[in-house]
$ cat target-v5.csv   # CSV, C-alpha atoms
chain,number,residue,atom,x,y,z
A,1,MET,CA,-42.1,-60.9,-128.3
A,2,ASP,CA,-42.9,-64.5,-129.0
A,3,LYS,CA,-40.4,-67.3,-128.4
A,4,ALA,CA,-39.4,-67.7,-132.1
A,5,ALA,CA,-38.5,-64.0,-132.3
A,6,THR,CA,-36.6,-64.2,-129.0
A,7,LEU,CA,-34.6,-67.1,-130.2
A,8,ALA,CA,-33.7,-65.3,-133.4
A,9,TRP,CA,-32.7,-62.2,-131.4
A,10,LEU,CA,-30.6,-64.3,-129.0
A,11,ARG,CA,-28.7,-65.9,-132.0
A,12,ARG,CA,-28.0,-62.5,-133.4
A,13,ILE,CA,-26.5,-61.1,-130.2
A,14,SER,CA,-24.7,-64.3,-129.0
A,15,GLY,CA,-21.4,-63.2,-130.6
A,16,ASP,CA,-21.7,-59.8,-128.8
A,17,ILE,CA,-22.4,-61.5,-125.5
A,18,ALA,CA,-19.4,-63.7,-125.9
A,19,THR,CA,-17.1,-60.7,-126.7
A,20,VAL,CA,-18.4,-58.7,-123.7
A,21,THR,CA,-18.0,-61.8,-121.5
A,22,ILE,CA,-14.3,-62.2,-122.5
A,23,LYS,CA,-13.7,-58.5,-121.8
A,24,ARG,CA,-15.4,-58.8,-118.4
A,25,LEU,CA,-13.3,-61.8,-117.5
A,26,GLU,CA,-10.1,-60.0,-118.3
A,27,ASP,CA,-11.2,-57.0,-116.2
A,28,THR,CA,-12.5,-58.9,-113.1
A,29,LEU,CA,-10.7,-62.2,-112.8
A,30,PRO,CA,-6.9,-61.9,-112.2
A,31,TRP,CA,-6.3,-65.6,-112.8
A,32,TYR,CA,-7.8,-65.3,-116.3
A,33,ALA,CA,-5.5,-62.4,-117.2
A,34,ASP,CA,-2.5,-64.4,-116.0
A,35,MET,CA,-3.3,-67.4,-118.2
A,36,PRO,CA,-1.3,-68.2,-121.3
A,37,PRO,CA,-3.0,-67.0,-124.6
A,38,ALA,CA,-3.9,-70.6,-125.6
A,39,ARG,CA,-5.7,-71.3,-122.3
A,40,ARG,CA,-7.5,-67.9,-122.4
A,41,SER,CA,-8.7,-68.8,-125.8
A,42,ALA,CA,-9.9,-72.2,-124.5
A,43,VAL,CA,-11.8,-70.5,-121.6
A,44,GLY,CA,-13.4,-68.1,-124.2
A,45,LEU,CA,-14.6,-71.1,-126.2
A,46,VAL,CA,-16.1,-72.6,-123.0
A,47,ALA,CA,-18.0,-69.3,-122.3
A,48,GLN,CA,-19.2,-69.1,-125.9
A,49,ALA,CA,-20.2,-72.7,-125.8
A,50,GLY,CA,-22.2,-72.0,-122.7
A,51,ILE,CA,-24.1,-69.1,-124.4
A,52,THR,CA,-24.8,-71.3,-127.5
A,53,SER,CA,-25.9,-74.2,-125.3
A,54,PHE,CA,-28.3,-71.8,-123.4
A,55,ILE,CA,-29.9,-70.8,-126.7
A,56,GLN,CA,-30.4,-74.5,-127.6
A,57,TRP,CA,-31.8,-75.3,-124.2
A,58,TYR,CA,-34.1,-72.3,-124.3
A,59,GLU,CA,-35.5,-73.7,-127.6
A,60,ASP,CA,-35.8,-77.2,-126.1
A,61,PRO,CA,-35.5,-77.5,-122.3
A,62,THR,CA,-35.5,-81.3,-122.5
A,63,SER,CA,-31.9,-81.1,-123.6
A,64,THR,CA,-30.8,-80.4,-119.9
A,65,PRO,CA,-29.0,-83.7,-119.4
A,66,TRP,CA,-26.5,-82.7,-122.2
A,67,ILE,CA,-25.5,-79.4,-120.7
A,68,ALA,CA,-22.2,-80.5,-119.3
A,69,ALA,CA,-21.3,-82.3,-122.5
A,70,ASP,CA,-22.2,-79.3,-124.7
A,71,ILE,CA,-20.2,-76.8,-122.7
A,72,PHE,CA,-17.1,-78.8,-121.6
A,73,ALA,CA,-16.7,-80.5,-125.0
A,74,ALA,CA,-15.0,-77.4,-126.2
A,75,ALA,CA,-12.4,-77.5,-123.4
A,76,PRO,CA,-9.2,-79.4,-123.9
A,77,ARG,CA,-8.5,-82.0,-121.2
A,78,GLU,CA,-5.5,-80.0,-119.8
A,79,LEU,CA,-7.8,-77.0,-119.2
A,80,LEU,CA,-10.1,-79.0,-116.9
A,81,ARG,CA,-7.0,-80.0,-114.9
A,82,SER,CA,-5.6,-76.4,-114.7
A,83,VAL,CA,-8.9,-74.5,-113.9
A,84,SER,CA,-10.3,-75.2,-110.5
A,85,LEU,CA,-14.0,-75.6,-109.7
A,86,GLN,CA,-14.0,-72.2,-107.9
A,87,GLN,CA,-12.6,-70.6,-111.1
A,88,THR,CA,-15.2,-72.4,-113.2
A,89,LEU,CA,-18.0,-71.1,-111.0
A,90,GLN,CA,-16.6,-67.6,-111.3
A,91,LEU,CA,-16.6,-68.0,-115.1
A,92,ILE,CA,-20.3,-69.0,-114.9
A,93,ARG,CA,-21.2,-66.1,-112.7
A,94,VAL,CA,-19.6,-63.5,-115.0
A,95,THR,CA,-21.2,-65.1,-118.1
A,96,VAL,CA,-24.6,-65.0,-116.4
A,97,GLU,CA,-24.2,-61.4,-115.3
A,98,VAL,CA,-23.3,-60.3,-118.8
A,99,THR,CA,-26.2,-62.2,-120.3
A,100,GLU,CA,-28.7,-60.8,-117.8
A,101,GLU,CA,-27.5,-57.3,-118.5
A,102,ARG,CA,-27.8,-57.8,-122.2
A,103,VAL,CA,-31.3,-59.2,-122.1
A,104,ALA,CA,-32.6,-56.9,-119.5
A,105,GLY,CA,-36.1,-55.7,-120.3
A,106,ARG,CA,-36.9,-58.6,-122.6
A,107,GLY,CA,-39.3,-60.2,-120.3
A,108,GLU,CA,-39.3,-62.1,-117.0
A,109,ASP,CA,-39.7,-65.4,-118.8
A,110,LEU,CA,-36.2,-65.0,-120.4
A,111,ARG,CA,-34.6,-63.8,-117.2
A,112,GLU,CA,-36.1,-66.8,-115.3
A,113,ALA,CA,-34.8,-69.1,-118.0
A,114,ILE,CA,-31.3,-67.7,-117.6
A,115,LEU,CA,-31.4,-68.2,-113.8
A,116,LEU,CA,-32.7,-71.8,-114.2
A,117,TYR,CA,-30.1,-72.6,-116.8
A,118,SER,CA,-27.2,-71.1,-114.8
A,119,ARG,CA,-28.3,-73.2,-111.9
A,120,ASP,CA,-28.2,-76.4,-114.0
A,121,VAL,CA,-24.8,-75.4,-115.4
A,122,ALA,CA,-23.4,-74.9,-111.9
A,123,PHE,CA,-24.6,-78.4,-110.9
A,124,ALA,CA,-23.3,-79.9,-114.1
A,125,SER,CA,-19.9,-78.3,-113.5
A,126,ALA,CA,-19.8,-79.6,-110.0
A,127,ASP,CA,-20.6,-83.0,-111.3
A,128,VAL,CA,-17.8,-82.9,-113.9
A,129,TYR,CA,-15.2,-81.9,-111.2
A,130,ALA,CA,-16.6,-84.4,-108.7
A,131,ARG,CA,-16.2,-87.3,-111.2
A,132,ALA,CA,-12.7,-86.0,-112.1
A,133,ALA,CA,-11.8,-85.8,-108.4
A,134,GLU,CA,-13.1,-89.2,-107.8
A,135,ALA,CA,-11.2,-90.7,-110.6
A,136,ARG,CA,-8.0,-88.9,-109.5
A,137,GLY,CA,-8.6,-90.0,-105.9
A,138,LEU,CA,-8.9,-93.7,-107.0
A,139,TRP,CA,-5.7,-93.3,-109.1
A,140,ASP,CA,-3.8,-91.6,-106.3
A,141,ALA,CA,-4.9,-94.4,-103.9
A,142,ARG,CA,-3.7,-97.1,-106.2
A,143,LEU,CA,-0.4,-95.2,-106.8
A,144,GLU,CA,0.1,-94.7,-103.1
A,145,ALA,CA,-0.6,-98.4,-102.4
A,146,LEU,CA,2.0,-99.2,-105.1
A,147,VAL,CA,4.6,-96.9,-103.6
A,148,VAL,CA,4.1,-98.3,-100.1
A,149,ASP,CA,4.2,-101.8,-101.4
A,150,SER,CA,7.5,-101.1,-103.2
A,151,ILE,CA,8.9,-99.7,-99.9
A,152,LEU,CA,7.9,-102.7,-97.9
A,153,THR,CA,9.3,-105.2,-100.4
A,154,GLY,CA,12.4,-103.2,-101.0
A,155,GLU,CA,11.8,-103.4,-104.8
A,156,ALA,CA,12.6,-99.7,-105.4
A,157,ASP,CA,13.2,-99.1,-109.1
A,158,GLU,CA,13.9,-96.0,-111.3
A,159,GLU,CA,10.2,-95.1,-111.4
A,160,LEU,CA,9.8,-94.8,-107.6
A,161,PRO,CA,11.0,-91.2,-107.4
A,162,SER,CA,8.6,-90.1,-110.2
A,163,ARG,CA,5.7,-92.0,-108.5
A,164,ILE,CA,6.5,-90.3,-105.2
A,165,ALA,CA,6.5,-86.9,-107.0
A,166,ALA,CA,3.2,-87.7,-108.6
A,167,LEU,CA,1.7,-88.2,-105.2
A,168,GLY,CA,2.8,-84.7,-104.2
A,169,TRP,CA,5.1,-85.8,-101.4
A,170,HIS,CA,6.3,-82.7,-99.5
A,171,GLY,CA,8.6,-84.5,-97.1
A,172,HIS,CA,12.2,-83.5,-96.8
A,173,GLY,CA,15.1,-85.1,-94.9
A,174,GLU,CA,14.7,-88.2,-92.8
A,175,VAL,CA,11.8,-90.7,-93.2
A,176,SER,CA,10.5,-93.4,-90.9
A,177,VAL,CA,7.9,-96.2,-91.2
A,178,ILE,CA,5.3,-97.1,-88.6
A,179,VAL,CA,3.6,-100.6,-88.7
A,180,GLY,CA,0.6,-101.6,-86.7
A,181,THR,CA,-2.9,-103.2,-87.0
A,182,THR,CA,-5.7,-101.7,-89.1
A,183,PRO,CA,-8.6,-100.5,-86.9
A,184,PRO,CA,-12.2,-101.8,-87.7
A,185,GLN,CA,-13.2,-98.3,-88.9
A,186,PHE,CA,-10.1,-96.7,-90.4
A,187,ASP,CA,-10.3,-92.9,-91.0
A,188,VAL,CA,-7.8,-92.0,-93.6
A,189,ASP,CA,-8.7,-88.3,-93.5
A,190,LEU,CA,-8.1,-88.2,-89.7
A,191,VAL,CA,-4.6,-89.5,-90.2
A,192,ARG,CA,-3.8,-86.9,-92.9
A,193,ARG,CA,-5.3,-84.1,-90.8
A,194,THR,CA,-3.2,-85.2,-87.8
A,195,ALA,CA,-0.1,-85.3,-89.9
A,196,ARG,CA,-0.7,-81.9,-91.4
A,197,ARG,CA,-1.0,-80.3,-88.0
A,198,MET,CA,2.4,-81.7,-87.2
A,199,SER,CA,3.9,-80.5,-90.5
A,200,VAL,CA,4.3,-84.1,-91.5
A,201,ASP,CA,3.7,-85.8,-94.8
A,202,VAL,CA,2.4,-89.3,-94.8
A,203,LEU,CA,1.9,-92.3,-97.2
A,204,ILE,CA,-0.7,-94.8,-96.1
A,205,GLY,CA,-0.8,-98.5,-96.9
A,206,VAL,CA,-3.6,-100.8,-95.8
A,207,GLN,CA,-2.7,-104.4,-96.3
A,208,GLY,CA,-5.5,-106.4,-94.8
A,209,SER,CA,-5.1,-106.4,-91.0
A,210,ARG,CA,-1.8,-104.5,-91.2
A,211,LEU,CA,-1.6,-100.7,-91.4
A,212,VAL,CA,1.7,-99.1,-92.7
A,213,LEU,CA,2.4,-95.3,-92.4
A,214,VAL,CA,5.5,-93.8,-94.1
A,215,ILE,CA,6.1,-90.5,-92.4
A,216,GLY,CA,8.5,-87.6,-93.2
A,217,ARG,CA,8.7,-84.0,-92.0
A,218,ALA,CA,7.2,-81.6,-94.6
A,219,ARG,CA,7.8,-78.0,-95.5
A,220,VAL,CA,4.6,-76.1,-95.6
A,221,ALA,CA,4.3,-73.8,-98.6
A,222,GLY,CA,3.9,-70.1,-97.8
A,223,LYS,CA,5.2,-70.4,-94.2
A,224,ASP,CA,8.5,-68.6,-93.5
A,225,ASP,CA,8.6,-69.5,-89.9
A,226,GLU,CA,8.9,-73.3,-89.9
A,227,PRO,CA,7.8,-75.0,-86.6
A,228,GLU,CA,10.3,-76.9,-84.6
A,229,GLU,CA,10.7,-80.4,-86.1
A,230,LEU,CA,9.2,-83.1,-83.9
A,231,PRO,CA,11.2,-86.3,-83.2
A,232,PHE,CA,9.8,-89.3,-85.0
A,233,SER,CA,8.9,-90.9,-81.6
A,234,GLU,CA,6.6,-87.9,-80.8
A,235,ILE,CA,5.1,-88.1,-84.3
A,236,ALA,CA,4.4,-91.8,-83.8
A,237,GLN,CA,2.9,-91.2,-80.4
A,238,ARG,CA,0.4,-88.7,-81.9
A,239,LEU,CA,-0.5,-91.0,-84.7
A,240,GLU,CA,-0.9,-94.1,-82.4
A,241,PRO,CA,-4.7,-93.6,-81.8
A,242,SER,CA,-5.3,-94.2,-85.6
A,243,PHE,CA,-4.0,-97.8,-85.3
A,244,GLY,CA,-6.1,-100.8,-84.2
A,245,PRO,CA,-5.5,-102.9,-81.1
A,246,GLY,CA,-2.1,-104.5,-80.7
A,247,TYR,CA,1.5,-103.4,-81.1
A,248,VAL,CA,2.7,-100.3,-83.0
A,249,VAL,CA,6.3,-100.4,-84.1
A,250,LEU,CA,8.4,-97.4,-85.3
A,251,GLY,CA,11.2,-98.1,-87.7
A,252,PRO,CA,14.5,-96.3,-87.4
A,253,PRO,CA,14.9,-93.0,-89.5
A,254,VAL,CA,16.6,-93.1,-92.9
A,255,THR,CA,18.0,-90.3,-94.9
A,256,ALA,CA,15.3,-90.2,-97.7
A,257,LEU,CA,12.1,-91.7,-98.9
A,258,VAL,CA,13.7,-93.9,-101.5
A,259,ASP,CA,15.6,-95.5,-98.6
A,260,ALA,CA,12.5,-96.1,-96.5
A,261,GLY,CA,12.7,-99.9,-97.2
A,262,GLN,CA,15.4,-100.2,-94.5
A,263,SER,CA,13.1,-98.6,-91.9
A,264,ALA,CA,10.2,-100.7,-93.1
A,265,ARG,CA,12.2,-104.0,-92.8
A,266,ALA,CA,13.1,-103.1,-89.2
A,267,ALA,CA,9.5,-102.1,-88.3
A,268,LEU,CA,8.1,-105.3,-89.9
A,269,ALA,CA,10.6,-107.5,-88.1
A,270,GLY,CA,9.8,-105.7,-84.8
A,271,PHE,CA,6.1,-106.0,-85.4
A,272,ALA,CA,6.5,-109.8,-85.9
A,273,VAL,CA,8.2,-110.3,-82.5
A,274,ALA,CA,6.8,-107.5,-80.4
A,275,ARG,CA,4.6,-109.9,-78.4
A,276,ALA,CA,7.8,-111.4,-76.9
A,277,TRP,CA,8.4,-108.2,-74.8
A,278,ARG,CA,5.5,-108.4,-72.4
A,279,SER,CA,5.8,-104.7,-71.3
A,280,ALA,CA,6.5,-103.2,-74.7
A,281,PRO,CA,5.2,-99.6,-74.9
A,282,ARG,CA,2.9,-98.5,-77.6
A,283,PRO,CA,4.4,-97.3,-79.9
A,284,VAL,CA,7.7,-99.1,-79.5
A,285,GLU,CA,10.8,-98.5,-81.5
A,286,ALA,CA,12.1,-101.3,-83.7
A,287,ASP,CA,15.6,-100.8,-82.2
A,288,ASP,CA,14.2,-101.5,-78.7
A,289,LEU,CA,13.3,-105.0,-80.0
A,290,LEU,CA,16.8,-105.9,-81.3
A,291,PRO,CA,17.2,-108.9,-79.0
A,292,GLU,CA,13.9,-110.4,-80.0
A,293,ARG,CA,14.5,-109.7,-83.7
A,294,ALA,CA,18.0,-111.3,-83.4
A,295,LEU,CA,16.6,-114.4,-81.8
A,296,ALA,CA,14.0,-114.6,-84.6
A,297,GLY,CA,16.9,-114.6,-87.1
A,298,ASP,CA,16.7,-111.0,-88.3
A,299,THR,CA,20.1,-110.4,-90.0
A,300,LEU,CA,19.6,-106.6,-89.8
A,301,ALA,CA,19.1,-106.8,-86.0
A,302,LYS,CA,22.2,-108.9,-85.5
A,303,GLN,CA,24.3,-106.5,-87.6
A,304,THR,CA,22.9,-103.5,-85.8
A,305,LEU,CA,23.7,-105.0,-82.4
A,306,ILE,CA,27.3,-105.7,-83.4
A,307,GLU,CA,27.9,-102.5,-85.3
A,308,ARG,CA,26.4,-100.2,-82.7
A,309,ILE,CA,27.4,-101.9,-79.5
A,310,PHE,CA,30.1,-104.6,-79.7
A,311,ARG,CA,32.5,-103.0,-82.1
A,312,PRO,CA,32.5,-99.5,-80.7
A,313,LEU,CA,33.2,-100.9,-77.2
A,314,GLU,CA,35.9,-103.2,-78.5
A,315,ALA,CA,37.5,-100.4,-80.5
A,316,HIS,CA,37.4,-98.0,-77.5
A,317,SER,CA,38.8,-100.3,-74.8
A,318,THR,CA,38.9,-104.0,-74.1
A,319,ASP,CA,38.5,-103.2,-70.4
A,320,LEU,CA,35.0,-101.9,-71.2
A,321,VAL,CA,34.1,-105.1,-72.9
A,322,THR,CA,35.5,-107.2,-70.1
A,323,THR,CA,33.8,-105.2,-67.4
A,324,LEU,CA,30.5,-105.3,-69.2
A,325,TRP,CA,30.7,-109.1,-69.6
A,326,SER,CA,31.5,-109.5,-66.0
A,327,TYR,CA,28.8,-107.1,-64.8
A,328,LEU,CA,26.1,-108.9,-66.8
A,329,ASP,CA,27.4,-112.4,-65.9
A,330,ASN,CA,27.3,-111.5,-62.2
A,331,GLY,CA,23.7,-110.4,-62.2
A,332,ARG,CA,24.5,-106.7,-62.5
A,333,SER,CA,26.2,-106.8,-59.1
A,334,LEU,CA,28.9,-104.1,-58.7
A,335,GLU,CA,30.6,-105.9,-55.7
A,336,ALA,CA,30.7,-109.3,-57.5
A,337,THR,CA,32.1,-107.6,-60.6
A,338,ALA,CA,34.7,-105.8,-58.6
A,339,ARG,CA,35.8,-109.0,-56.9
A,340,GLU,CA,36.1,-110.8,-60.2
A,341,LEU,CA,38.1,-108.1,-61.8
A,342,PHE,CA,40.2,-107.3,-58.7
A,343,VAL,CA,39.2,-103.6,-58.9
A,344,HIS,CA,37.3,-101.2,-56.7
A,345,PRO,CA,33.5,-100.9,-57.1
A,346,ASN,CA,33.9,-97.3,-58.1
A,347,THR,CA,36.1,-98.4,-61.0
A,348,VAL,CA,33.3,-100.6,-62.2
A,349,ARG,CA,30.9,-97.7,-61.9
A,350,TYR,CA,33.2,-95.5,-63.9
A,351,ARG,CA,33.6,-98.1,-66.6
A,352,LEU,CA,29.9,-98.7,-66.9
A,353,LYS,CA,29.4,-94.9,-67.2
A,354,ARG,CA,31.9,-94.9,-70.0
A,355,VAL,CA,30.0,-97.7,-71.7
A,356,THR,CA,26.9,-95.6,-71.7
A,357,GLU,CA,28.8,-92.6,-73.1
A,358,VAL,CA,30.3,-94.7,-75.9
A,359,ILE,CA,27.2,-96.6,-77.1
A,360,GLY,CA,24.2,-94.8,-75.5
A,361,TRP,CA,22.8,-97.8,-73.6
A,362,ASP,CA,22.8,-98.1,-69.8
A,363,ALA,CA,23.8,-101.5,-68.6
A,364,THR,CA,22.2,-100.9,-65.2
A,365,GLY,CA,18.6,-101.1,-66.6
A,366,PRO,CA,17.1,-104.6,-67.0
A,367,ARG,CA,15.9,-104.1,-70.6
A,368,GLU,CA,19.0,-102.4,-71.8
A,369,ALA,CA,21.1,-105.1,-70.1
A,370,LEU,CA,19.4,-107.7,-72.2
A,371,ILE,CA,20.2,-105.7,-75.4
A,372,LEU,CA,23.8,-105.3,-74.4
A,373,GLN,CA,24.2,-109.0,-73.4
A,374,THR,CA,22.7,-110.1,-76.8
A,375,ALA,CA,25.2,-107.8,-78.6
A,376,LEU,CA,28.1,-109.2,-76.6
A,377,ILE,CA,27.0,-112.8,-77.5
A,378,LEU,CA,26.6,-112.0,-81.2
A,379,GLY,CA,29.9,-110.1,-81.3
A,380,SER,CA,31.8,-112.8,-79.5
A,381,ILE,CA,30.4,-115.5,-81.9
A,382,GLY,CA,32.0,-113.6,-84.8
A,383,THR,CA,35.3,-112.9,-83.0
A,384,ALA,CA,38.2,-115.2,-83.3
A,385,GLU,CA,39.2,-114.9,-79.7
A,386,PRO,CA,36.3,-113.8,-77.6
A,387,ALA,CA,36.9,-112.3,-74.2
A,388,ARG,CA,36.9,-115.2,-71.6
A,389,ARG,CA,35.7,-114.9,-68.1
A,390,ARG,CA,38.6,-115.0,-65.7
A,391,ALA,CA,38.7,-118.2,-63.7
A,392,VAL,CA,38.2,-117.9,-60.0
A,393,HIS,CA,40.3,-120.3,-57.9
A,394,ARG,CA,39.0,-121.1,-54.5
A,395,ARG,CA,41.0,-122.5,-51.7
A,396,ARG,CA,39.9,-125.8,-50.2
$ encode --input "target-v5.csv" --output "structure tokens"
Amino acid sequence: MDKAATLAWLRRISGDIATVTIKRLEDTLPWYADMPPARRSAVGLVAQAGITSFIQWYEDPTSTPWIAADIFAAAPRELLRSVSLQQTLQLIRVTVEVTEERVAGRGEDLREAILLYSRDVAFASADVYARAAEARGLWDARLEALVVDSILTGEADEELPSRIAALGWHGHGEVSVIVGTTPPQFDVDLVRRTARRMSVDVLIGVQGSRLVLVIGRARVAGKDDEPEELPFSEIAQRLEPSFGPGYVVLGPPVTALVDAGQSARAALAGFAVARAWRSAPRPVEADDLLPERALAGDTLAKQTLIERIFRPLEAHSTDLVTTLWSYLDNGRSLEATARELFVHPNTVRYRLKRVTEVIGWDATGPREALILQTALILGSIGTAEPARRRAVHRRR
């Protein structure tokens, strides 16, 4: 059979091949049978377009560059988004199998042409999906940068939740922000893989030399036995190698992603003054840098020190405030404090223990003593009658 006769025969049976292909798709591919009728019809049009395009290509092989345009032109845009590359390759395989069965015995030249064409279609399909994925990746990167920037600036608007949803955020519950330096060779995929292993979702913002990670614990779809939730300090410790040299600061947790601006402001303020603490760990929590932040004029740090230290102690007992003042003023000496307050050293120990129970900070440590003394100073500035140190009269 010459080529002209073969082409005429192919055109006559193209409709039958398309019908058999659709039937085979329904029988062998569960995802196709579960599709809505409109989408099944669109997939059928793609299969029929592929058969028609093969006939045109067989007549003129120089039309190869137009394969993708010929086939996928029949597919609506939403179909390309709902059908994966794997499903598309399954569609191509079924179509090729049906066509090979139908043209069996018509010569090796025709069978070889089918194999060559199916290879080109597969590569063309991969190219279509690769370009779509690249465009989606660029869009996601811009959207992610926009969301992180909105969090850092605190300019959250009504569109922020929808943007977060568009990024596929799976986080639930509390959220925290980590700020550090950008490494010379930043591996975004490594950060995301590390986060996934911890069941954590992450938003990444690279702002020049500054790297910002917004982290939240994520629910993993399909897993009934959720792993134990890691504390944010442990999550930050595992993500720390992804940052460049310098300080890494973890902001305090907040209740939801839309409130992450509060954590971001604390982390940024801590990052700006972290060098003032010579032995700061890496990563360091922003709340451990409250004295430095307060000295730098951070209003949030001042308010935090007063609300979390001074006011709880004052509300609990004025004796605790007086004892803490005296203990810190006397160089953390139990004996000197006891002499000034005319109490036994064990009483001082008991009151200091009560201080730790009330606010969670231990005044006997040098670093925490600085935090507590800063809180007392700030609290006293805003108090009408601050606690005064009892005058000590010495005999001459």
$ atom_distance --input "target-v5.csv" --atom1 "CA of Leu352 in chain A" --atom2 "CA of Val321 in chain A"
9.7 Å
$ atom_distance --input "target-v5.csv" --atom1 "CA of Arg354 in chain A" --atom2 "CA of Ala286 in chain A"
24.9 Å
$ atom_distance --input "target-v5.csv" --atom1 "CA of Asp27 in chain A" --atom2 "CA of Leu45 in chain A"
17.6 Å
$ closest_residue --input "target-v5.csv" --among "A:Ala274, A:Met198, A:Leu7, A:Val212" --to "Leu110 in chain A" --atoms "all atoms listed in the file"
A:Leu7
$ closest_residue --input "target-v5.csv" --among "A:Pro252, A:Gly44, A:Gly107, A:Gly331" --to "Glu174 in chain A" --atoms "all atoms listed in the file"
A:Pro252
$ residues_around --input "target-v5.csv" --residues "Leu378 in chain A" --least-positions-apart "2" --cutoff "8 Å" --atoms "only C-alpha atoms" --output "ChimeraX atom specification"
/A:302,305-306,374-376,380-382
$ residues_around --input "target-v5.csv" --residues "Thr337 in chain A" --least-positions-apart "4" --cutoff "10 Å" --atoms "only C-alpha atoms" --output "list in words"
Thr323, Leu324, Trp325, Ser326, Tyr327, Leu328, Asp329, Asn330, Gly331, Arg332, Ser333, Leu341, Phe342, Val343, His344, Pro345 and Val348 of chain A
$ closest_residue --input "target-v5.csv" --among "A:Thr364, A:Thr299, A:Thr322, A:Ser242" --to "Glu340 in chain A" --atoms "all atoms listed in the file"
A:Thr322
$ closest_residue --input "target-v5.csv" --among "A:Gly261, A:Ile22, A:Gln56, A:Asp298" --to "Ser41 in chain A" --atoms "all atoms listed in the file"
A:Ile22
